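First up is the structure itself, then whatever we jot down about it.
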Amino acid sequence: MITTKTQPGLDDIAARVRAGERLSYEDGVRLFESPDIFTIGRLADEVRRRLHGRATYYNINRHINYSNYCVLRCKFCSFYRPYPTGKDAAQQVSGGNGDKLAATTGGDLHLSLLHDAPADEYEYSVEDIAEQAKAAADYGATEVHIVGGLHPKLPFDYYLDMCRAIREAAPALHIKAFTAIEIIHFGRISKPRLSIAEVLTQLRDAGLGSLPGGGAEIFDDRVHDEAFRNKVGEQGWFDVHRNAHDLGIPSNATMLYGHIERPAERVTHMMKIREHQDESLSRGKAAFNCFIPLSFIPDGSEFDDRPGPTGLDDLKTLAISRLMLDNISHIKAFWIMQSAKLAQMSLSWGVDDIDGTVVQYDITKREGGSGNRHQELTVDALKRLIHEAGFDPIERETLYRRVRRDGAAWSIAD
Ligand code: V47
């Protein structure tokens with residue numbers, strides 16, 4: 001273990017980290033206040049090496065965003081499009097069960113069949129999504145990550161059919177899908193209404209493997225009211241993840257930082273995740289696999305007058321996440337948000353996972369949302385980033401089991 005001398009201001013925290021003791025809220029705030037970025041990074045690196053040595057995880061995955069129609073109006077989001085009302089709405093093709101669904105641009109109706117050139121507003125059919133998932137599996141992907149906006153019209157059957165169709169088209173592919181807020185939405189649109197546990201059970205039976213960590217944003221009432229007022233807050237988010245864990249469905253947790261929240265609110269957010277993880281681990285069924293701090297990209301959002309986090313803030317936040325979250329095994333830098341270059345740097349700052357190949361991503365696009373949705377890193381590029389940072393690239397599947405690979409064919413190695 002590296003035991004380099006620290007700046008005096010952080011000596012007591014360093015001693016606690018090295019003794020494997022849990023850090024307090026006050027420790028977290030002091031870390032954010034400290035200018036001693038190198039000590040914070042070194043401590044996070046010590047913890048990361050204690051847990052994982054030089055292993056750094058990546059996966060071959062594909063993100064699919066099924067629709068950008070959303071009833072919410074979150075100010076940090078550049079992805080959502082309002083659902084057409086009145087005449088346009090009447091033109092919508094009814095959803096579900098493999099129908100080709102329509103995308104509407106300025107009242108024109110056309111089918112959204114092109115994966116690489118959808119309309120500005122779009123929704124994919126179940127068939128289309130299964131086709132994309134199959135293409136991913138044929139390429140060798142182990143996971144599809146599927147999320148979308150809160151669509152006002154699609155029925156719950158659409159989401160069940162989506163899972164079933166993927167399961168049929170690509171049986172080995174892990175389906176990581178639907179943020180907590182989508183799960184709550186599905187319960188509300190079902191007739192009769194379904195509980196969270198019922199929604200999750202039906203999705204699991206249809207093929208869902210785990211929940212991604214999105215939608216958490218920042219667990220704070222002030223930030224909630226200012227930035228994403230219409231979205232369910234922390235209670236709803238934790239309710240979904242508690243139910244998922246109790247049903248044996250693992251999940252991830254995120255934090256969207258660098259918009260209007262203060263550093264102390266980031267610490268509170270982490271503490272709440274840590275508390276939840278303690279409970280899930282003690283119940284012993286499923287828990288958070290990883291924590292993903294998402295670096296806010298202002299382009300195209302209502303907060304685009306804000307600068308977003310700097311590189312040092314990114315590194316500090318990732319490192320402090322590693323230090324605070326002593327009960328979550330993996331800290332992920334999602335290269336789409338932090339950039340590939342910073343994600344590479346972060347491997348020496350507590351991060352042990354850089355997500356995957358991704359392929360297409362709509363939720364954030366640089367250049368004001370008009371940027372290219374094709375956002376892909378090849379396996380060679382991911383490995384190069386990891387190697388050059390002095391770490392060992394390890395391909396994992398969703399649950400962090402190592403993958404043994406032979407071209408597009410793969411199996412679990414351990
Ligand atoms: O829920 C939205 C965030 C999330 C912006 O679980 C933004 O493995 C930055 O949750 N700038 C979706 N972030 C992404 C997500 C995720 C990504 C990668 C891996 C996993 C996982 C989860 O993105 C949203 C929201 O919190 N987001 N807008 C933005 N402008």
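Within each chain, counting starts at residue 1; across the structure tokens, chains are named A, B, ... in the order shown, with ligands numbered 1 upward in that order.
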
Taking the DSSP assignment computed from this structure's backbone, write out as a count of residues only all residues of segment 28-270 of chain A that belong to strand (DSSP E).
37

Distance filter 7 Å around ligand 1, atoms: only C-alpha atoms and all ligand atoms, out as a ChimeraX atom specification
/A:76-79,179,211-217,252-256,292,294-299,301,334,337,355,363-364

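With only C-alpha atoms taken into account, the protein and nucleic acid residues at most 10 Å from Gly187 of chain A (excluding it and anything under 4 positions from it in its own chain) are Phe156, Glu182, Ile183, Lys191, Pro192, Arg193, Leu194, Ser195, Ile196, Ala197, Glu198, Val199 and Leu200 of chain A.
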
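Remark: for Leu312 of chain A, the closest of the candidate residues A:Gly140, A:Gly149, A:Gly41, A:Gly356 is A:Gly41 (distances computed over only C-alpha atoms).
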
List the spatial neighbours of segment 23-40 of chain A as a ChimeraX atom specification - criterion: any atom at most 12 Å away, only C-alpha atoms, same-chain residues fewer than 3 positions off excluded.
/A:2-20,43-47,262-272,274-275,311-327,346,348-350
